[in-house]
>>> print(open('upload_15.cif').read())   # mmCIF, C-alpha atoms
data_data
loop_
_atom_site.label_atom_id
_atom_site.label_comp_id
_atom_site.auth_asym_id
_atom_site.auth_seq_id
_atom_site.Cartn_x
_atom_site.Cartn_y
_atom_site.Cartn_z
CA MET A 1 59.05 5.84 70.13
CA LYS A 2 57.18 7.87 67.55
CA ASN A 3 58.98 11.14 68.22
CA PRO A 4 62.67 10.68 69.17
CA THR A 5 63.29 14.40 69.81
CA LEU A 6 63.51 16.35 73.06
CA GLU A 7 59.83 17.25 72.57
CA GLY A 8 59.02 13.55 72.30
CA LEU A 9 61.03 12.74 75.42
CA PHE A 10 59.29 15.58 77.28
CA HIS A 11 55.88 14.18 76.34
CA GLU A 12 56.79 10.59 77.35
CA THR A 13 58.16 11.76 80.71
CA LEU A 14 55.08 13.91 81.32
CA ARG A 15 52.93 10.80 80.79
CA ASP A 16 55.19 8.88 83.20
CA ILE A 17 54.87 11.42 86.05
CA TYR A 18 51.12 11.82 85.35
CA TYR A 19 50.74 8.08 86.02
CA ALA A 20 53.00 8.36 89.07
CA GLU A 21 51.06 11.27 90.62
CA ARG A 22 47.76 9.45 90.20
CA ARG A 23 49.17 6.30 91.83
CA ILE A 24 50.52 8.49 94.68
CA LEU A 25 47.12 10.15 95.13
CA LYS A 26 45.54 6.71 95.59
CA THR A 27 48.24 5.58 98.04
CA LEU A 28 48.42 8.61 100.35
CA PRO A 29 45.09 7.90 102.17
CA LYS A 30 46.37 4.36 102.98
CA MET A 31 49.59 5.83 104.38
CA MET A 32 47.59 8.40 106.35
CA ARG A 33 45.45 5.68 107.92
CA ALA A 34 48.51 3.55 108.69
CA ALA A 35 50.54 6.33 110.37
CA GLN A 36 50.62 6.24 114.18
CA SER A 37 51.85 9.80 114.72
CA GLU A 38 49.29 12.57 114.32
CA ASP A 39 51.96 14.85 112.83
CA LEU A 40 52.77 12.26 110.18
CA LYS A 41 49.08 11.77 109.38
CA ALA A 42 48.80 15.55 108.94
CA ALA A 43 51.88 15.63 106.67
CA PHE A 44 50.35 12.96 104.40
CA GLU A 45 46.99 14.75 104.36
CA LYS A 46 48.68 18.03 103.40
CA HIS A 47 50.57 16.30 100.61
CA ARG A 48 47.38 14.63 99.35
CA GLY A 49 45.91 18.07 98.76
CA GLU A 50 49.09 19.27 97.03
CA THR A 51 49.10 16.17 94.82
CA GLU A 52 45.61 17.04 93.52
CA VAL A 53 46.88 20.47 92.49
CA GLN A 54 50.02 18.95 90.94
CA ILE A 55 47.89 16.62 88.79
CA GLU A 56 45.89 19.65 87.66
CA ARG A 57 49.15 21.41 86.70
CA LEU A 58 50.18 18.39 84.63
CA ALA A 59 46.84 18.57 82.81
CA GLN A 60 47.62 22.23 82.01
CA ILE A 61 51.00 21.25 80.58
CA PHE A 62 49.43 18.56 78.38
CA GLU A 63 47.17 21.34 77.10
CA ILE A 64 50.16 23.63 76.45
CA ILE A 65 51.79 20.96 74.27
CA GLY A 66 48.49 20.21 72.54
CA LYS A 67 48.14 16.63 73.80
CA ARG A 68 45.40 15.06 75.84
CA PRO A 69 46.36 13.97 79.39
CA GLN A 70 47.26 10.33 79.06
CA ALA A 71 49.17 8.27 81.62
CA LYS A 72 51.91 5.78 80.76
CA THR A 73 52.60 2.97 83.21
CA CYS A 74 55.61 3.93 85.33
CA PRO A 75 57.33 0.79 86.69
CA ALA A 76 59.55 3.00 88.86
CA ILE A 77 56.73 4.43 91.00
CA ASP A 78 55.00 1.04 91.02
CA GLY A 79 58.17 -0.48 92.50
CA ILE A 80 58.64 2.35 95.01
CA ILE A 81 55.03 2.17 96.20
CA ASP A 82 55.01 -1.64 96.30
CA GLU A 83 57.99 -1.45 98.67
CA GLY A 84 56.07 1.06 100.82
CA GLU A 85 53.04 -1.24 100.93
CA GLU A 86 55.27 -4.12 102.01
CA VAL A 87 56.50 -1.96 104.91
CA MET A 88 52.91 -1.12 105.88
CA GLU A 89 52.09 -4.84 106.03
CA SER A 90 55.29 -6.10 107.63
CA PHE A 91 55.45 -3.37 110.28
CA LYS A 92 51.72 -3.14 111.06
CA GLY A 93 51.40 -2.24 114.75
CA ALA A 94 55.20 -2.28 115.20
CA PRO A 95 57.13 0.59 116.84
CA ALA A 96 59.16 1.23 113.67
CA LEU A 97 56.13 1.53 111.36
CA ASP A 98 56.17 5.34 111.15
CA ALA A 99 59.92 5.39 110.46
CA GLY A 100 59.26 2.99 107.57
CA LEU A 101 56.40 5.14 106.29
CA VAL A 102 58.60 8.25 106.26
CA ALA A 103 61.29 6.30 104.37
CA ALA A 104 58.73 5.15 101.79
CA ALA A 105 57.34 8.66 101.38
CA GLN A 106 60.83 10.12 100.92
CA ALA A 107 61.61 7.57 98.19
CA VAL A 108 58.43 8.78 96.45
CA GLU A 109 59.40 12.45 96.90
CA HIS A 110 62.88 11.82 95.50
CA TYR A 111 61.43 10.13 92.42
CA GLU A 112 59.22 13.15 91.88
CA MET A 113 62.08 15.59 92.42
CA ALA A 114 64.16 13.75 89.81
CA ARG A 115 61.37 13.82 87.22
CA TYR A 116 60.23 17.41 87.84
CA GLY A 117 63.83 18.64 87.87
CA THR A 118 64.38 17.01 84.48
CA LEU A 119 61.08 18.21 83.01
CA ARG A 120 61.71 21.75 84.23
CA ALA A 121 65.16 21.81 82.57
CA TRP A 122 63.72 20.45 79.30
CA ALA A 123 60.85 22.97 79.36
CA ALA A 124 63.41 25.77 79.77
CA CYS A 125 65.48 24.40 76.92
CA LEU A 126 62.39 24.13 74.69
CA GLY A 127 61.42 27.74 75.49
CA MET A 128 58.17 26.66 77.19
CA THR A 129 58.08 29.39 79.84
CA ASP A 130 54.59 28.67 81.22
CA ALA A 131 55.24 24.94 81.53
CA GLU A 132 58.60 25.66 83.17
CA GLN A 133 56.88 27.87 85.75
CA LEU A 134 54.28 25.20 86.58
CA LEU A 135 56.95 22.50 86.89
CA MET A 136 59.06 24.72 89.12
CA GLN A 137 56.11 25.29 91.49
CA THR A 138 55.59 21.55 91.85
CA LEU A 139 59.32 20.86 92.23
CA GLN A 140 59.51 23.35 95.10
CA GLU A 141 56.52 21.70 96.80
CA GLU A 142 58.14 18.26 96.52
CA GLU A 143 61.39 19.59 97.97
CA ALA A 144 59.51 21.21 100.86
CA THR A 145 57.60 17.97 101.54
CA ASP A 146 60.84 15.98 101.59
CA GLU A 147 62.42 18.50 103.97
CA ALA A 148 59.35 18.40 106.26
CA LEU A 149 59.57 14.58 106.37
CA THR A 150 63.27 14.76 107.27
CA GLN A 151 62.43 17.17 110.12
CA LEU A 152 59.64 14.91 111.33
CA ALA A 153 61.94 11.86 111.28
CA ASP A 154 64.74 13.72 113.08
CA THR A 155 62.61 15.40 115.73
CA SER A 156 60.15 12.65 116.67
CA VAL A 157 59.49 9.64 114.42
CA ASN A 158 62.90 7.91 114.61
CA GLU A 159 63.28 8.48 118.34
CA ALA A 160 59.77 7.16 118.94
CA ALA A 161 60.61 3.96 117.05
CA LEU A 162 63.74 3.59 119.16
CA ASP A 163 62.11 4.33 122.53
CA LYS A 164 59.39 1.76 122.02
CA ALA A 165 61.92 -0.80 120.77
CA ALA A 166 64.16 -0.34 123.83
CA MET B 1 59.21 -9.44 109.08
CA LYS B 2 61.22 -11.25 111.72
CA ASN B 3 62.42 -8.12 113.53
CA PRO B 4 59.88 -5.25 113.49
CA THR B 5 62.19 -2.80 115.28
CA LEU B 6 64.25 0.09 113.91
CA GLU B 7 67.23 -2.31 113.82
CA GLY B 8 65.16 -4.71 111.70
CA LEU B 9 64.08 -1.92 109.37
CA PHE B 10 67.71 -0.77 109.05
CA HIS B 11 68.79 -4.30 108.08
CA GLU B 12 65.99 -4.72 105.51
CA THR B 13 66.76 -1.34 103.93
CA LEU B 14 70.48 -2.14 103.85
CA ARG B 15 69.65 -5.34 101.90
CA ASP B 16 67.45 -3.27 99.55
CA ILE B 17 70.17 -0.74 98.68
CA TYR B 18 72.78 -3.53 98.45
CA TYR B 19 70.65 -5.11 95.71
CA ALA B 20 70.14 -1.69 94.10
CA GLU B 21 73.86 -0.83 94.02
CA ARG B 22 74.73 -4.16 92.42
CA ARG B 23 72.05 -3.70 89.76
CA ILE B 24 73.40 -0.16 89.13
CA LEU B 25 76.97 -1.50 88.81
CA LYS B 26 75.78 -3.90 86.08
CA THR B 27 73.85 -1.16 84.26
CA LEU B 28 76.44 1.65 84.21
CA PRO B 29 78.66 0.06 81.51
CA LYS B 30 75.59 -0.19 79.23
CA MET B 31 74.81 3.47 79.82
CA MET B 32 78.45 4.38 79.20
CA ARG B 33 78.45 2.56 75.86
CA ALA B 34 75.11 4.13 74.88
CA ALA B 35 76.11 7.74 75.68
CA GLN B 36 77.01 9.93 72.70
CA SER B 37 78.76 12.71 74.62
CA GLU B 38 82.31 11.96 75.81
CA ASP B 39 81.68 13.99 78.97
CA LEU B 40 78.64 11.88 79.78
CA LYS B 41 80.57 8.65 79.15
CA ALA B 42 83.25 9.94 81.55
CA ALA B 43 80.63 10.80 84.20
CA PHE B 44 79.20 7.27 84.04
CA GLU B 45 82.68 5.73 84.18
CA LYS B 46 83.55 7.83 87.24
CA HIS B 47 80.33 6.77 88.95
CA ARG B 48 81.00 3.10 88.14
CA GLY B 49 84.22 3.33 90.15
CA GLU B 50 82.41 5.08 93.03
CA THR B 51 79.70 2.42 93.00
CA GLU B 52 82.28 -0.32 93.56
CA VAL B 53 83.52 1.53 96.65
CA GLN B 54 79.94 2.13 97.83
CA ILE B 55 79.21 -1.61 97.63
CA GLU B 56 82.33 -2.26 99.69
CA ARG B 57 81.09 0.24 102.31
CA LEU B 58 77.76 -1.59 102.48
CA ALA B 59 79.65 -4.85 103.11
CA GLN B 60 81.42 -3.10 106.00
CA ILE B 61 78.09 -2.02 107.48
CA PHE B 62 76.71 -5.58 107.25
CA GLU B 63 79.81 -6.60 109.22
CA ILE B 64 79.18 -3.86 111.81
CA ILE B 65 75.67 -5.19 112.45
CA GLY B 66 76.91 -8.78 112.48
CA LYS B 67 75.03 -9.93 109.37
CA ARG B 68 76.35 -11.35 106.15
CA PRO B 69 75.89 -9.18 103.03
CA GLN B 70 72.69 -10.42 101.46
CA ALA B 71 70.67 -8.59 98.83
CA LYS B 72 66.89 -8.33 98.82
CA THR B 73 65.14 -7.73 95.50
CA CYS B 74 64.33 -4.03 95.20
CA PRO B 75 61.37 -3.51 92.83
CA ALA B 76 61.97 0.25 92.97
CA ILE B 77 65.44 0.17 91.38
CA ASP B 78 64.28 -2.55 88.97
CA GLY B 79 61.50 -0.23 87.80
CA ILE B 80 63.78 2.81 87.57
CA ILE B 81 66.42 0.93 85.57
CA ASP B 82 63.83 -0.77 83.34
CA GLU B 83 62.60 2.71 82.40
CA GLY B 84 66.19 3.74 81.64
CA GLU B 85 66.68 0.68 79.43
CA GLU B 86 63.48 1.52 77.56
CA VAL B 87 64.91 5.00 76.85
CA MET B 88 68.18 3.44 75.60
CA GLU B 89 66.22 1.27 73.17
CA SER B 90 63.61 3.82 72.05
CA PHE B 91 66.10 6.67 71.57
CA LYS B 92 68.97 4.64 70.12
CA GLY B 93 70.80 6.92 67.65
CA ALA B 94 68.33 9.78 68.29
CA PRO B 95 69.42 13.34 69.17
CA ALA B 96 67.66 13.22 72.54
CA LEU B 97 69.30 9.97 73.70
CA ASP B 98 71.84 11.61 76.03
CA ALA B 99 69.15 13.82 77.59
CA GLY B 100 67.17 10.65 78.30
CA LEU B 101 70.24 8.92 79.76
CA VAL B 102 70.88 11.83 82.13
CA ALA B 103 67.23 11.73 83.23
CA ALA B 104 67.46 7.98 83.89
CA ALA B 105 70.71 8.39 85.83
CA GLN B 106 69.24 11.20 87.94
CA ALA B 107 66.24 9.04 88.84
CA VAL B 108 68.73 6.40 90.03
CA GLU B 109 70.72 8.99 92.01
CA HIS B 110 67.58 10.31 93.68
CA TYR B 111 66.57 6.79 94.75
CA GLU B 112 69.99 6.34 96.29
CA MET B 113 69.87 9.74 98.01
CA ALA B 114 66.51 8.84 99.57
CA ARG B 115 67.76 5.48 100.88
CA TYR B 116 71.16 6.69 102.11
CA GLY B 117 69.58 9.75 103.76
CA THR B 118 67.19 7.47 105.63
CA LEU B 119 69.84 4.90 106.57
CA ARG B 120 72.18 7.63 107.80
CA ALA B 121 69.45 9.09 110.04
CA TRP B 122 68.60 5.64 111.42
CA ALA B 123 72.28 4.84 112.04
CA ALA B 124 72.61 8.11 114.00
CA CYS B 125 69.48 7.28 115.98
CA LEU B 126 70.80 3.78 116.74
CA GLY B 127 74.15 5.21 117.90
CA MET B 128 76.06 3.44 115.09
CA THR B 129 78.70 6.11 114.56
CA ASP B 130 80.95 4.18 112.15
CA ALA B 131 78.02 3.11 109.96
CA GLU B 132 76.68 6.67 110.00
CA GLN B 133 80.05 7.95 108.78
CA LEU B 134 80.19 5.41 105.91
CA LEU B 135 76.62 6.20 104.87
CA MET B 136 77.32 9.93 104.93
CA GLN B 137 80.33 9.49 102.63
CA THR B 138 78.21 7.64 100.08
CA LEU B 139 75.33 10.10 100.41
CA GLN B 140 77.69 12.99 99.63
CA GLU B 141 79.01 11.16 96.55
CA GLU B 142 75.47 10.55 95.27
CA GLU B 143 74.59 14.21 95.76
CA ALA B 144 77.75 15.28 93.92
CA THR B 145 76.98 12.88 91.05
CA ASP B 146 73.45 14.24 90.75
CA GLU B 147 74.75 17.81 90.74
CA ALA B 148 77.36 16.95 88.08
CA LEU B 149 74.62 15.43 85.88
CA THR B 150 72.49 18.57 86.28
CA GLN B 151 75.47 20.69 85.20
CA LEU B 152 76.12 18.43 82.21
CA ALA B 153 72.47 18.61 81.16
CA ASP B 154 72.34 22.41 81.56
CA THR B 155 75.63 23.19 79.87
CA SER B 156 75.65 20.78 76.93
CA VAL B 157 73.44 17.69 76.79
CA ASN B 158 69.99 19.34 76.59
CA GLU B 159 71.13 22.00 74.11
CA ALA B 160 72.74 19.31 71.96
CA ALA B 161 69.47 17.37 71.83
CA LEU B 162 67.68 20.56 70.82
CA ASP B 163 70.20 21.68 68.18
CA LYS B 164 70.12 18.37 66.37
CA ALA B 165 66.34 18.23 66.57
CA ALA B 166 65.94 21.70 65.08
#
>>> encode(input="upload_15.cif", output="structure tokens")
Amino acid sequence: MKNPTLEGLFHETLRDIYYAERRILKTLPKMMRAAQSEDLKAAFEKHRGETEVQIERLAQIFEIIGKRPQAKTCPAIDGIIDEGEEVMESFKGAPALDAGLVAAAQAVEHYEMARYGTLRAWAACLGMTDAEQLLMQTLQEEEATDEALTQLADTSVNEAALDKAA
Amino acid sequence: MKNPTLEGLFHETLRDIYYAERRILKTLPKMMRAAQSEDLKAAFEKHRGETEVQIERLAQIFEIIGKRPQAKTCPAIDGIIDEGEEVMESFKGAPALDAGLVAAAQAVEHYEMARYGTLRAWAACLGMTDAEQLLMQTLQEEEATDEALTQLADTSVNEAALDKAA
């Protein structure tokens, strides 16, 4: 660690979530293709578009802190997504596949909420108002995505898995 | 996947979080020792006690579904905790260490919230009332822990990192 201050920690964590968002962007089309429910496909497609904008926001924050956008391997998102890919393989064609996809996507959303919540608080503490605003926008999108997935699970996806299994 | 139904997915995810909780239980004493703030040490100690109870609840749920408690390696929590351990090493003795520890702990909490939220919804869907109740209790504890960490960061930990860095 070259810079063991809050600024240094902010930069490292920005690189971590930059890697994570790019891995998520690559994974969402696979999840979209795998999903059986049209509503779930649409939710993943919507979030793919949001993720592109979120990556652009991260690039703006790198610019604000005078660093070039550079990813740092994030073993956390790699582990979360690897688990999601295992579900896609193991449950291929199975009634519970969509329920597993929602679970995987919500684990991703929660990782993002944790990181953006932290980064937003640090930006506020460091007096970086513009960065804080950008991070808050993304945080609210992640929270809304997670809530939409919960609704989808509760209103159709989980019951569908159960009906077909019965 | 031997059982590609919602019951099968529930069992696999239970094994995943059982592994995760046991890894967390091993890691919390390290985080407690590393923390500079007494309040943060106390928060980790409190959560260590809760984690023991949460593991016991998981054992009860394995019993409800007639399976023996068996962990399944969870690459997600391994990745999240590996990142936390990197922070503990890189920021050892640095002003921003506690801020990094809170961030790591909140990433752990969010993983748990995602998994317990999902398991609770599946238990409800599968008509497993007792399991649902146990999962809800743990979910509420994880949410309270996350909220307490946010408070700690906002009221002291982040400012402390900043003051010392200035």
>>> interface_residues(input="upload_15.cif", of="chain B", to="chain A", cutoff="8 Å", atoms="all atoms listed in the file", output="PyMOL selection string")
chain B and resi 1+4-6+9+74-83+90-91+94-96+99-100+103+106-107+110-111+113-115+118+121-122+125-126+154+158-159+161-162+165
>>> atom_distance(input="upload_15.cif", atom1="CA of Glu141 in chain B", atom2="CA of Gln54 in chain B")
9.2 Å
>>> atom_distance(input="upload_15.cif", atom1="CA of Thr73 in chain B", atom2="CA of His11 in chain B")
13.5 Å
>>> closest_residue(input="upload_15.cif", among="A:Asp98, A:Asp130, A:Glu21, A:Glu147", to="Ile65 in chain A", atoms="only C-alpha atoms")
A:Asp130
>>> residues_around(input="upload_15.cif", residues="Ile55 in chain A", least_positions_apart="2", cutoff="8 Å", atoms="only C-alpha atoms", output="list of chain:residue names")
A:Tyr18, A:Glu21, A:Arg22, A:Thr51, A:Glu52, A:Val53, A:Arg57, A:Leu58, A:Ala59
>>> atom_distance(input="upload_15.cif", atom1="CA of Met128 in chain B", atom2="CA of Thr155 in chain A")
18.0 Å
>>> closest_residue(input="upload_15.cif", among="B:Ala35, B:Leu14, B:Ile24, B:Met136", to="Arg68 in chain B", atoms="all atoms listed in the file")
B:Leu14
>>> closest_residue(input="upload_15.cif", among="B:Lys46, B:Lys41, B:Arg15, B:Lys30", to="Ala144 in chain B", atoms="all atoms listed in the file")
B:Lys46
>>> resolve_selection(input="upload_15.cif", expression="the PyMOL selection byres ((chain B and resi 32) around 10)", output="CSV table (one decimal) with C-alpha atoms, keeping the file's coordinate frame")
chain,number,residue,atom,x,y,z
B,27,THR,CA,73.8,-1.2,84.3
B,28,LEU,CA,76.4,1.6,84.2
B,29,PRO,CA,78.7,0.1,81.5
B,30,LYS,CA,75.6,-0.2,79.2
B,31,MET,CA,74.8,3.5,79.8
B,33,ARG,CA,78.4,2.6,75.9
B,34,ALA,CA,75.1,4.1,74.9
B,35,ALA,CA,76.1,7.7,75.7
B,36,GLN,CA,77.0,9.9,72.7
B,37,SER,CA,78.8,12.7,74.6
B,38,GLU,CA,82.3,12.0,75.8
B,40,LEU,CA,78.6,11.9,79.8
B,41,LYS,CA,80.6,8.6,79.2
B,42,ALA,CA,83.2,9.9,81.6
B,43,ALA,CA,80.6,10.8,84.2
B,44,PHE,CA,79.2,7.3,84.0
B,45,GLU,CA,82.7,5.7,84.2
B,48,ARG,CA,81.0,3.1,88.1
B,101,LEU,CA,70.2,8.9,79.8
